[in-house]
Amino acid sequence: MMDQTSSLPANAANTADAKQAETENLDLFTRTQQTIHTALQYLGCDEGMYELLKAPLRVLTVRIPVKMDDGSVKVFTGYRAQHNDAVGPTKGGVRFHPDVTEEEVKALSMWMSIKCGLTNLPYGGGKGGIQCDPRSMSFRELERLSRGYVRAISQLVGPTKDIPAPDVFTNSQVMAWMMDEYSRIREFDSPGFITGKPLVLGGSQGRESSTALGVTIVLKEAAKLAGLPVEGSRVIIQGFGNAGSFLAKFLHDAGARIVGIADAVGALYNEDGLDIDHLLDRRDSFGTVTNLFPNRLTNAELLTMPCDILVPAAIENQITEANAGLIQARIVVEAANGPTTAKATDILTERGIMLVPDVLASAGGVVVSYFEWVQNNQGYYWSEEEVNRKLTELLTASFHQVYQTAQAKRVNMRLSAYIVGLRRMTEAVRWRGWV
């Protein structure tokens, strides 16, 4: 069992237990702050460093007027957060979702800093979002919204400032509109302004499936350490959107038995394995397929079904103190943002279940976004084989660094990931003389 307080400095050990007791019900932003605080104490940083890194350096709120197809004008609220640019320009996705909030965008920008530090990328973390429901908007309304967002944030972003990318309910088409609008404003072609673009506009091979491939890479490394062959292993994937569907395909092709999948409607489970190719063929553009089946489980029921590897790839707070003791997997790999609470993390770790945290497991997307940015800057483009080889090498090294740090400091994998992910940024901050 790894004790999260066993090797804490004295000033941290006194408060860690109390903080953990409060964390279960805290919002994503506050939970992120608490983990950053503890990680910085392990790194020997003072309170000045925490005061700098506990929130983004910049948060911009914008109002975007959009002329709708019926002739009315609707005003949308958007955000762009830049956590810290001591290492280099900030980097992070833009999500279109009705539940986007400033606090969420701030927390996710901080997570992006951790991801970039873990994978040794020359970036700080950024994140953006717009409160909207793209499922109820027309193609042209989405284009006007995308272009309006770029106009609103254009002074704060750019290839050497802050590089956006796709996120929830955004895709290569949205990135293409945004790049075109930015290029019009700047009056020169700017493919390096944004990543996740179509190939014909400077996108990278392998970008669309990069997040799922990254999850697959670290999952395989975790399975090796656990002595669990991926071929023949029973896998449950909660979530069947972009990441979840690609992941199901990758693992199915690797010989794993996908015994459970879930989407927003419900979940399917079959101990003998599901027909993944059939499900992929039947799912709609939002990743929904379980509505076609009458005998469904709930998402909560699926999480506690028997399996060897569980991959939460949907939304936050799915594994909590209430159900962590019921998880039957040997390995949990977080492909979603924040699916496991702090108390649940401790419970899983105490039970000997290996938890691969989200900031590590889902880092494949930002890594290949970095590759795209590099290719745009060079004007030279790589094959998909080269992209995937570089991604595998980088994420494999990052996984083992996090695992070794967890063992050396006797902490769980999540805290270890934050320790590794923040180290480079704290060094850059000190060298610049900010703290």
# chains A, B, ... in the order shown; residues from 1 in each chain; ligands from 1
>>> residues_around(residues="Arg80 in chain A", least_positions_apart="3", cutoff="7 Å", atoms="only C-alpha atoms", output="PyMOL selection string")
chain A and resi 59-61+127-129
>>> select_by_dssp(residues="range 161-238 of chain A", states="strand (DSSP E or B)", output="JSON, numbers by chain")
{"A": [162, 163, 164, 165, 166, 234, 235, 236, 237, 238]}
>>> closest_residue(among="A:Ala361, A:Ile114, A:Val73, A:Val259", to="Gly126 in chain A", atoms="only C-alpha atoms")
A:Ile114
>>> residues_around(residues="Glu334 in chain A", least_positions_apart="2", cutoff="10 Å", atoms="only C-alpha atoms", output="CSV table (one decimal) with all heavy atoms, in the first residue's frame")
chain,number,residue,atom,x,y,z
A,215,VAL,N,-3.8,6.4,-24.8
A,215,VAL,CA,-4.4,5.5,-23.7
A,215,VAL,C,-3.9,4.1,-23.9
A,215,VAL,O,-3.6,3.4,-22.9
A,215,VAL,CB,-5.9,5.6,-23.7
A,215,VAL,CG1,-6.5,4.7,-22.7
A,215,VAL,CG2,-6.4,7.1,-23.4
A,219,LEU,N,-1.8,1.9,-21.2
A,219,LEU,CA,-2.5,0.8,-20.7
A,219,LEU,C,-1.7,-0.5,-20.9
A,219,LEU,O,-1.6,-1.3,-20.0
A,219,LEU,CB,-3.8,0.6,-21.5
A,219,LEU,CG,-4.8,-0.5,-21.1
A,219,LEU,CD1,-6.2,-0.1,-21.4
A,219,LEU,CD2,-4.5,-1.8,-21.9
A,237,ILE,N,-15.0,-0.2,-21.2
A,237,ILE,CA,-14.8,1.1,-21.6
A,237,ILE,C,-16.0,1.9,-21.4
A,237,ILE,O,-17.0,1.7,-22.1
A,237,ILE,CB,-14.3,1.3,-23.1
A,237,ILE,CG1,-13.0,0.4,-23.3
A,237,ILE,CG2,-14.0,2.7,-23.5
A,237,ILE,CD1,-12.6,0.3,-24.8
A,238,GLN,N,-16.0,2.8,-20.4
A,238,GLN,CA,-17.2,3.7,-20.2
A,238,GLN,C,-17.0,5.0,-21.0
A,238,GLN,O,-16.2,5.8,-20.7
A,238,GLN,CB,-17.3,4.0,-18.7
A,238,GLN,CG,-18.6,4.8,-18.4
A,238,GLN,CD,-18.4,5.7,-17.2
A,238,GLN,OE1,-17.4,6.2,-16.9
A,238,GLN,NE2,-19.5,5.9,-16.5
A,310,LEU,N,-10.4,-1.5,-16.5
A,310,LEU,CA,-11.5,-0.6,-16.6
A,310,LEU,C,-11.0,0.8,-17.1
A,310,LEU,O,-10.0,1.3,-16.6
A,310,LEU,CB,-12.2,-0.4,-15.2
A,310,LEU,CG,-13.2,0.7,-15.1
A,310,LEU,CD1,-14.4,0.4,-16.0
A,310,LEU,CD2,-13.7,0.8,-13.6
A,311,VAL,N,-11.7,1.3,-18.1
A,311,VAL,CA,-11.3,2.6,-18.7
A,311,VAL,C,-12.5,3.6,-18.6
A,311,VAL,O,-13.3,3.5,-19.5
A,311,VAL,CB,-10.8,2.4,-20.2
A,311,VAL,CG1,-10.3,3.8,-20.7
A,311,VAL,CG2,-9.7,1.4,-20.3
A,312,PRO,N,-12.5,4.4,-17.6
A,312,PRO,CA,-13.5,5.5,-17.6
A,312,PRO,C,-13.1,6.5,-18.7
A,312,PRO,O,-12.1,7.2,-18.6
A,312,PRO,CB,-13.4,6.1,-16.2
A,312,PRO,CG,-12.5,5.2,-15.5
A,312,PRO,CD,-11.7,4.5,-16.4
A,313,ALA,N,-14.0,6.7,-19.8
A,313,ALA,CA,-13.7,7.5,-20.9
A,313,ALA,C,-14.8,8.5,-21.2
A,313,ALA,O,-15.1,8.8,-22.3
A,313,ALA,CB,-13.3,6.7,-22.1
A,314,ALA,N,-15.6,8.8,-20.1
A,314,ALA,CA,-16.8,9.6,-20.3
A,314,ALA,C,-16.7,11.0,-19.6
A,314,ALA,O,-16.1,11.9,-20.1
A,314,ALA,CB,-18.0,8.8,-19.8
A,316,GLU,N,-16.5,13.3,-15.5
A,316,GLU,CA,-15.9,13.3,-14.2
A,316,GLU,C,-16.7,12.6,-13.1
A,316,GLU,O,-17.9,12.4,-13.3
A,316,GLU,CB,-15.5,14.7,-13.8
A,316,GLU,CG,-16.8,15.6,-13.6
A,316,GLU,CD,-16.4,17.0,-13.4
A,316,GLU,OE1,-15.8,17.7,-14.2
A,316,GLU,OE2,-16.8,17.6,-12.3
A,331,ILE,N,-6.7,-3.0,-13.1
A,331,ILE,CA,-6.1,-1.8,-13.6
A,331,ILE,C,-7.2,-0.8,-14.0
A,331,ILE,O,-8.2,-1.2,-14.6
A,331,ILE,CB,-5.2,-2.0,-14.8
A,331,ILE,CG1,-4.0,-3.0,-14.5
A,331,ILE,CG2,-4.6,-0.7,-15.4
A,331,ILE,CD1,-3.2,-3.4,-15.7
A,332,VAL,N,-7.1,0.4,-13.6
A,332,VAL,CA,-8.0,1.5,-14.0
A,332,VAL,C,-7.2,2.5,-14.8
A,332,VAL,O,-6.2,3.1,-14.2
A,332,VAL,CB,-8.7,2.1,-12.8
A,332,VAL,CG1,-9.6,3.3,-13.3
A,332,VAL,CG2,-9.6,1.1,-12.1
A,336,ALA,N,-10.9,9.8,-19.4
A,336,ALA,CA,-11.7,11.0,-19.2
A,336,ALA,C,-11.0,11.9,-18.3
A,336,ALA,O,-10.0,11.6,-17.7
A,336,ALA,CB,-13.1,10.6,-18.7
A,337,ASN,N,-11.6,13.1,-18.2
A,337,ASN,CA,-11.1,14.1,-17.3
A,337,ASN,C,-11.7,14.0,-15.9
A,337,ASN,O,-12.9,14.1,-15.8
A,337,ASN,CB,-11.3,15.6,-17.8
A,337,ASN,CG,-10.5,15.9,-19.0
A,337,ASN,OD1,-9.4,15.5,-19.1
A,337,ASN,ND2,-11.1,16.6,-19.9
A,338,GLY,N,-10.9,13.7,-14.9
A,338,GLY,CA,-11.4,13.6,-13.5
A,338,GLY,C,-12.4,12.6,-13.2
A,338,GLY,O,-13.3,12.8,-12.5
A,339,PRO,N,-12.3,11.3,-13.8
A,339,PRO,CA,-13.4,10.4,-13.5
A,339,PRO,C,-13.3,9.8,-12.1
A,339,PRO,O,-14.3,9.1,-11.6
A,339,PRO,CB,-13.2,9.3,-14.5
A,339,PRO,CG,-11.7,9.3,-14.8
A,339,PRO,CD,-11.3,10.8,-14.7
A,340,THR,N,-12.2,9.9,-11.4
A,340,THR,CA,-12.0,9.3,-10.1
A,340,THR,C,-11.7,10.4,-9.1
A,340,THR,O,-10.8,11.2,-9.2
A,340,THR,CB,-10.8,8.3,-10.1
A,340,THR,OG1,-11.0,7.4,-11.3
A,340,THR,CG2,-10.8,7.5,-8.9
A,355,LEU,N,-3.9,2.6,-10.7
A,355,LEU,CA,-4.6,3.6,-11.4
A,355,LEU,C,-3.7,4.5,-12.2
A,355,LEU,O,-2.7,5.1,-11.7
A,355,LEU,CB,-5.3,4.5,-10.3
A,355,LEU,CG,-6.0,5.8,-10.8
A,355,LEU,CD1,-7.2,5.4,-11.6
A,355,LEU,CD2,-6.4,6.7,-9.7
A,356,VAL,N,-3.9,4.5,-13.5
A,356,VAL,CA,-3.2,5.4,-14.4
A,356,VAL,C,-4.0,6.7,-14.6
A,356,VAL,O,-5.0,6.7,-15.1
A,356,VAL,CB,-2.9,4.7,-15.8
A,356,VAL,CG1,-2.1,5.6,-16.7
A,356,VAL,CG2,-2.3,3.3,-15.6
A,357,PRO,N,-3.5,7.8,-14.0
A,357,PRO,CA,-4.2,9.0,-14.0
A,357,PRO,C,-4.5,9.7,-15.3
A,357,PRO,O,-3.7,9.5,-16.3
A,357,PRO,CB,-3.4,9.9,-13.1
A,357,PRO,CG,-2.0,9.5,-13.3
A,357,PRO,CD,-2.1,8.0,-13.5
A,358,ASP,N,-5.5,10.5,-15.4
A,358,ASP,CA,-6.0,11.1,-16.6
A,358,ASP,C,-4.9,12.0,-17.3
A,358,ASP,O,-4.7,12.0,-18.5
A,358,ASP,CB,-7.2,12.0,-16.4
A,358,ASP,CG,-7.1,12.8,-15.0
A,358,ASP,OD1,-6.0,13.0,-14.5
A,358,ASP,OD2,-8.2,13.1,-14.5
A,359,VAL,N,-4.1,12.8,-16.4
A,359,VAL,CA,-3.1,13.7,-17.0
A,359,VAL,C,-2.0,12.9,-17.8
A,359,VAL,O,-1.4,13.5,-18.7
A,359,VAL,CB,-2.5,14.6,-15.9
A,359,VAL,CG1,-3.5,15.6,-15.5
A,359,VAL,CG2,-2.0,13.8,-14.8
A,360,LEU,N,-1.8,11.6,-17.4
A,360,LEU,CA,-0.9,10.8,-18.1
A,360,LEU,C,-1.6,10.0,-19.3
A,360,LEU,O,-1.1,10.0,-20.4
A,360,LEU,CB,-0.2,9.8,-17.2
A,360,LEU,CG,0.7,8.8,-17.8
A,360,LEU,CD1,1.9,9.4,-18.6
A,360,LEU,CD2,1.3,7.9,-16.7
A,361,ALA,N,-2.7,9.4,-18.9
A,361,ALA,CA,-3.3,8.5,-19.9
A,361,ALA,C,-3.9,9.2,-21.1
A,361,ALA,O,-3.9,8.7,-22.2
A,361,ALA,CB,-4.5,7.7,-19.2
A,362,SER,N,-4.3,10.5,-20.9
A,362,SER,CA,-4.9,11.2,-22.1
A,362,SER,C,-4.0,12.2,-22.7
A,362,SER,O,-4.4,13.1,-23.4
A,362,SER,CB,-6.2,11.9,-21.6
A,362,SER,OG,-5.9,12.9,-20.6
>>> residues_around(residues="Glu231 in chain A", least_positions_apart="6", cutoff="8 Å", atoms="only C-alpha atoms", output="MDAnalysis selection string")
chainID A and resid 254:257
>>> closest_residue(among="A:Phe246, A:Tyr269, A:Phe139, A:Trp382", to="Cys307 in chain A", atoms="only C-alpha atoms")
A:Tyr269
>>> residues_around(residues="Lys220 in chain A", least_positions_apart="5", cutoff="9 Å", atoms="only C-alpha atoms", output="VMD selection string")
chain A and resid 215 225 228 to 230
>>> write_last_selection(atoms="all heavy atoms", output="PDB file, in the first residue's frame")
ATOM      1  N   VAL A 215      -3.789   6.370 -24.774  1.00  0.00           N
ATOM      2  CA  VAL A 215      -4.365   5.539 -23.709  1.00  0.00           C
ATOM      3  C   VAL A 215      -3.938   4.089 -23.891  1.00  0.00           C
ATOM      4  O   VAL A 215      -3.569   3.399 -22.927  1.00  0.00           O
ATOM      5  CB  VAL A 215      -5.906   5.646 -23.708  1.00  0.00           C
ATOM      6  CG1 VAL A 215      -6.500   4.682 -22.673  1.00  0.00           C
ATOM      7  CG2 VAL A 215      -6.355   7.067 -23.415  1.00  0.00           C
ATOM      8  N   LEU A 225       3.429  -4.296 -16.231  1.00  0.00           N
ATOM      9  CA  LEU A 225       3.862  -4.238 -14.839  1.00  0.00           C
ATOM     10  C   LEU A 225       2.992  -5.113 -13.943  1.00  0.00           C
ATOM     11  O   LEU A 225       3.455  -5.655 -12.944  1.00  0.00           O
ATOM     12  CB  LEU A 225       3.824  -2.791 -14.346  1.00  0.00           C
ATOM     13  CG  LEU A 225       4.893  -1.854 -14.915  1.00  0.00           C
ATOM     14  CD1 LEU A 225       4.664  -0.427 -14.433  1.00  0.00           C
ATOM     15  CD2 LEU A 225       6.288  -2.318 -14.522  1.00  0.00           C
ATOM     16  N   LEU A 228      -0.214  -8.810 -16.709  1.00  0.00           N
ATOM     17  CA  LEU A 228      -1.501  -9.107 -17.334  1.00  0.00           C
ATOM     18  C   LEU A 228      -1.377  -8.949 -18.853  1.00  0.00           C
ATOM     19  O   LEU A 228      -1.240  -7.825 -19.353  1.00  0.00           O
ATOM     20  CB  LEU A 228      -2.577  -8.146 -16.805  1.00  0.00           C
ATOM     21  CG  LEU A 228      -3.977  -8.249 -17.414  1.00  0.00           C
ATOM     22  CD1 LEU A 228      -4.601  -9.589 -17.079  1.00  0.00           C
ATOM     23  CD2 LEU A 228      -4.846  -7.108 -16.919  1.00  0.00           C
ATOM     24  N   PRO A 229      -1.430 -10.041 -19.618  1.00  0.00           N
ATOM     25  CA  PRO A 229      -1.377  -9.924 -21.078  1.00  0.00           C
ATOM     26  C   PRO A 229      -2.618  -9.191 -21.598  1.00  0.00           C
ATOM     27  O   PRO A 229      -3.736  -9.486 -21.182  1.00  0.00           O
ATOM     28  CB  PRO A 229      -1.362 -11.380 -21.565  1.00  0.00           C
ATOM     29  CG  PRO A 229      -1.016 -12.199 -20.364  1.00  0.00           C
ATOM     30  CD  PRO A 229      -1.519 -11.445 -19.180  1.00  0.00           C
ATOM     31  N   VAL A 230      -2.416  -8.236 -22.494  1.00  0.00           N
ATOM     32  CA  VAL A 230      -3.545  -7.526 -23.076  1.00  0.00           C
ATOM     33  C   VAL A 230      -4.389  -8.479 -23.912  1.00  0.00           C
ATOM     34  O   VAL A 230      -5.624  -8.434 -23.874  1.00  0.00           O
ATOM     35  CB  VAL A 230      -3.058  -6.338 -23.926  1.00  0.00           C
ATOM     36  CG1 VAL A 230      -4.213  -5.710 -24.710  1.00  0.00           C
ATOM     37  CG2 VAL A 230      -2.400  -5.289 -23.035  1.00  0.00           C
TER      38      VAL A 230
END
>>> closest_residue(among="A:Gln205, A:Gln155, A:Thr298, A:Ser416", to="Leu43 in chain A", atoms="only C-alpha atoms")
A:Ser416
>>> decode(residues="range 143-157 of chain A", atoms="all heavy atoms", output="PDB file, in the first residue's frame")
ATOM      1  N   GLU A 143     -20.211  27.647 -37.710  1.00  0.00           N
ATOM      2  CA  GLU A 143     -19.119  28.371 -38.361  1.00  0.00           C
ATOM      3  C   GLU A 143     -19.055  29.815 -37.859  1.00  0.00           C
ATOM      4  O   GLU A 143     -17.974  30.321 -37.536  1.00  0.00           O
ATOM      5  CB  GLU A 143     -19.285  28.354 -39.875  1.00  0.00           C
ATOM      6  CG  GLU A 143     -18.177  29.137 -40.585  1.00  0.00           C
ATOM      7  CD  GLU A 143     -18.273  29.111 -42.093  1.00  0.00           C
ATOM      8  OE1 GLU A 143     -19.183  28.453 -42.627  1.00  0.00           O
ATOM      9  OE2 GLU A 143     -17.421  29.750 -42.747  1.00  0.00           O
ATOM     10  N   ARG A 144     -20.206  30.485 -37.779  1.00  0.00           N
ATOM     11  CA  ARG A 144     -20.211  31.872 -37.310  1.00  0.00           C
ATOM     12  C   ARG A 144     -19.709  31.957 -35.860  1.00  0.00           C
ATOM     13  O   ARG A 144     -18.991  32.885 -35.496  1.00  0.00           O
ATOM     14  CB  ARG A 144     -21.626  32.444 -37.417  1.00  0.00           C
ATOM     15  CG  ARG A 144     -22.130  32.581 -38.846  1.00  0.00           C
ATOM     16  CD  ARG A 144     -23.565  33.116 -38.882  1.00  0.00           C
ATOM     17  NE  ARG A 144     -24.210  32.719 -40.141  1.00  0.00           N
ATOM     18  CZ  ARG A 144     -25.339  32.051 -40.244  1.00  0.00           C
ATOM     19  NH1 ARG A 144     -25.984  31.669 -39.144  1.00  0.00           N
ATOM     20  NH2 ARG A 144     -25.846  31.733 -41.429  1.00  0.00           N
ATOM     21  N   LEU A 145     -20.115  30.974 -35.045  1.00  0.00           N
ATOM     22  CA  LEU A 145     -19.670  30.958 -33.655  1.00  0.00           C
ATOM     23  C   LEU A 145     -18.160  30.741 -33.568  1.00  0.00           C
ATOM     24  O   LEU A 145     -17.461  31.417 -32.794  1.00  0.00           O
ATOM     25  CB  LEU A 145     -20.413  29.857 -32.892  1.00  0.00           C
ATOM     26  CG  LEU A 145     -20.041  29.679 -31.417  1.00  0.00           C
ATOM     27  CD1 LEU A 145     -20.336  30.943 -30.619  1.00  0.00           C
ATOM     28  CD2 LEU A 145     -20.784  28.474 -30.821  1.00  0.00           C
ATOM     29  N   SER A 146     -17.637  29.809 -34.358  1.00  0.00           N
ATOM     30  CA  SER A 146     -16.206  29.504 -34.338  1.00  0.00           C
ATOM     31  C   SER A 146     -15.386  30.726 -34.749  1.00  0.00           C
ATOM     32  O   SER A 146     -14.375  31.060 -34.113  1.00  0.00           O
ATOM     33  CB  SER A 146     -15.914  28.343 -35.289  1.00  0.00           C
ATOM     34  OG  SER A 146     -16.637  27.188 -34.919  1.00  0.00           O
ATOM     35  N   ARG A 147     -15.816  31.381 -35.806  1.00  0.00           N
ATOM     36  CA  ARG A 147     -15.094  32.566 -36.283  1.00  0.00           C
ATOM     37  C   ARG A 147     -15.217  33.721 -35.282  1.00  0.00           C
ATOM     38  O   ARG A 147     -14.256  34.458 -35.041  1.00  0.00           O
ATOM     39  CB  ARG A 147     -15.631  32.973 -37.654  1.00  0.00           C
ATOM     40  CG  ARG A 147     -15.302  31.983 -38.763  1.00  0.00           C
ATOM     41  CD  ARG A 147     -15.832  32.435 -40.110  1.00  0.00           C
ATOM     42  NE  ARG A 147     -15.549  31.467 -41.164  1.00  0.00           N
ATOM     43  CZ  ARG A 147     -14.394  31.417 -41.835  1.00  0.00           C
ATOM     44  NH1 ARG A 147     -13.427  32.277 -41.562  1.00  0.00           N
ATOM     45  NH2 ARG A 147     -14.220  30.500 -42.780  1.00  0.00           N
ATOM     46  N   GLY A 148     -16.398  33.876 -34.675  1.00  0.00           N
ATOM     47  CA  GLY A 148     -16.583  34.927 -33.687  1.00  0.00           C
ATOM     48  C   GLY A 148     -15.697  34.740 -32.470  1.00  0.00           C
ATOM     49  O   GLY A 148     -15.173  35.718 -31.900  1.00  0.00           O
ATOM     50  N   TYR A 149     -15.508  33.490 -32.057  1.00  0.00           N
ATOM     51  CA  TYR A 149     -14.625  33.200 -30.918  1.00  0.00           C
ATOM     52  C   TYR A 149     -13.192  33.608 -31.223  1.00  0.00           C
ATOM     53  O   TYR A 149     -12.514  34.237 -30.390  1.00  0.00           O
ATOM     54  CB  TYR A 149     -14.707  31.709 -30.587  1.00  0.00           C
ATOM     55  CG  TYR A 149     -13.821  31.262 -29.448  1.00  0.00           C
ATOM     56  CD1 TYR A 149     -14.122  31.598 -28.131  1.00  0.00           C
ATOM     57  CD2 TYR A 149     -12.698  30.472 -29.682  1.00  0.00           C
ATOM     58  CE1 TYR A 149     -13.328  31.180 -27.073  1.00  0.00           C
ATOM     59  CE2 TYR A 149     -11.896  30.046 -28.631  1.00  0.00           C
ATOM     60  CZ  TYR A 149     -12.210  30.397 -27.337  1.00  0.00           C
ATOM     61  OH  TYR A 149     -11.417  29.978 -26.301  1.00  0.00           O
ATOM     62  N   VAL A 150     -12.716  33.284 -32.408  1.00  0.00           N
ATOM     63  CA  VAL A 150     -11.352  33.646 -32.784  1.00  0.00           C
ATOM     64  C   VAL A 150     -11.191  35.163 -32.819  1.00  0.00           C
ATOM     65  O   VAL A 150     -10.185  35.708 -32.342  1.00  0.00           O
ATOM     66  CB  VAL A 150     -10.966  33.023 -34.138  1.00  0.00           C
ATOM     67  CG1 VAL A 150      -9.636  33.571 -34.635  1.00  0.00           C
ATOM     68  CG2 VAL A 150     -10.896  31.507 -34.009  1.00  0.00           C
ATOM     69  N   ARG A 151     -12.163  35.866 -33.370  1.00  0.00           N
ATOM     70  CA  ARG A 151     -12.071  37.330 -33.389  1.00  0.00           C
ATOM     71  C   ARG A 151     -11.983  37.887 -31.968  1.00  0.00           C
ATOM     72  O   ARG A 151     -11.247  38.845 -31.699  1.00  0.00           O
ATOM     73  CB  ARG A 151     -13.276  37.926 -34.110  1.00  0.00           C
ATOM     74  CG  ARG A 151     -13.280  37.689 -35.608  1.00  0.00           C
ATOM     75  CD  ARG A 151     -14.296  38.577 -36.313  1.00  0.00           C
ATOM     76  NE  ARG A 151     -15.672  38.287 -35.907  1.00  0.00           N
ATOM     77  CZ  ARG A 151     -16.447  37.369 -36.482  1.00  0.00           C
ATOM     78  NH1 ARG A 151     -15.977  36.631 -37.481  1.00  0.00           N
ATOM     79  NH2 ARG A 151     -17.695  37.191 -36.070  1.00  0.00           N
ATOM     80  N   ALA A 152     -12.710  37.268 -31.056  1.00  0.00           N
ATOM     81  CA  ALA A 152     -12.753  37.766 -29.677  1.00  0.00           C
ATOM     82  C   ALA A 152     -11.453  37.528 -28.912  1.00  0.00           C
ATOM     83  O   ALA A 152     -11.095  38.318 -28.028  1.00  0.00           O
ATOM     84  CB  ALA A 152     -13.921  37.123 -28.933  1.00  0.00           C
ATOM     85  N   ILE A 153     -10.735  36.445 -29.230  1.00  0.00           N
ATOM     86  CA  ILE A 153      -9.521  36.107 -28.465  1.00  0.00           C
ATOM     87  C   ILE A 153      -8.241  36.343 -29.263  1.00  0.00           C
ATOM     88  O   ILE A 153      -7.152  36.020 -28.786  1.00  0.00           O
ATOM     89  CB  ILE A 153      -9.558  34.637 -27.992  1.00  0.00           C
ATOM     90  CG1 ILE A 153      -9.449  33.659 -29.184  1.00  0.00           C
ATOM     91  CG2 ILE A 153     -10.810  34.357 -27.176  1.00  0.00           C
ATOM     92  CD1 ILE A 153      -9.234  32.210 -28.776  1.00  0.00           C
ATOM     93  N   SER A 154      -8.330  36.918 -30.464  1.00  0.00           N
ATOM     94  CA  SER A 154      -7.195  36.945 -31.396  1.00  0.00           C
ATOM     95  C   SER A 154      -5.960  37.644 -30.841  1.00  0.00           C
ATOM     96  O   SER A 154      -4.827  37.328 -31.236  1.00  0.00           O
ATOM     97  CB  SER A 154      -7.606  37.601 -32.718  1.00  0.00           C
ATOM     98  OG  SER A 154      -7.981  38.958 -32.518  1.00  0.00           O
ATOM     99  N   GLN A 155      -6.132  38.599 -29.929  1.00  0.00           N
ATOM    100  CA  GLN A 155      -4.970  39.315 -29.398  1.00  0.00           C
ATOM    101  C   GLN A 155      -4.162  38.471 -28.418  1.00  0.00           C
ATOM    102  O   GLN A 155      -2.987  38.770 -28.162  1.00  0.00           O
ATOM    103  CB  GLN A 155      -5.435  40.601 -28.700  1.00  0.00           C
ATOM    104  CG  GLN A 155      -6.114  41.602 -29.623  1.00  0.00           C
ATOM    105  CD  GLN A 155      -5.230  42.009 -30.785  1.00  0.00           C
ATOM    106  OE1 GLN A 155      -4.078  42.405 -30.595  1.00  0.00           O
ATOM    107  NE2 GLN A 155      -5.756  41.910 -31.995  1.00  0.00           N
ATOM    108  N   LEU A 156      -4.777  37.428 -27.867  1.00  0.00           N
ATOM    109  CA  LEU A 156      -4.096  36.625 -26.840  1.00  0.00           C
ATOM    110  C   LEU A 156      -3.519  35.324 -27.371  1.00  0.00           C
ATOM    111  O   LEU A 156      -2.806  34.626 -26.642  1.00  0.00           O
ATOM    112  CB  LEU A 156      -5.061  36.289 -25.701  1.00  0.00           C
ATOM    113  CG  LEU A 156      -5.125  37.280 -24.538  1.00  0.00           C
ATOM    114  CD1 LEU A 156      -5.793  38.570 -24.980  1.00  0.00           C
ATOM    115  CD2 LEU A 156      -5.887  36.674 -23.360  1.00  0.00           C
ATOM    116  N   VAL A 157      -3.826  34.966 -28.621  1.00  0.00           N
ATOM    117  CA  VAL A 157      -3.422  33.662 -29.131  1.00  0.00           C
ATOM    118  C   VAL A 157      -2.540  33.812 -30.359  1.00  0.00           C
ATOM    119  O   VAL A 157      -2.454  34.875 -30.963  1.00  0.00           O
ATOM    120  CB  VAL A 157      -4.659  32.796 -29.475  1.00  0.00           C
ATOM    121  CG1 VAL A 157      -5.464  32.495 -28.231  1.00  0.00           C
ATOM    122  CG2 VAL A 157      -5.527  33.499 -30.518  1.00  0.00           C
TER     123      VAL A 157
END
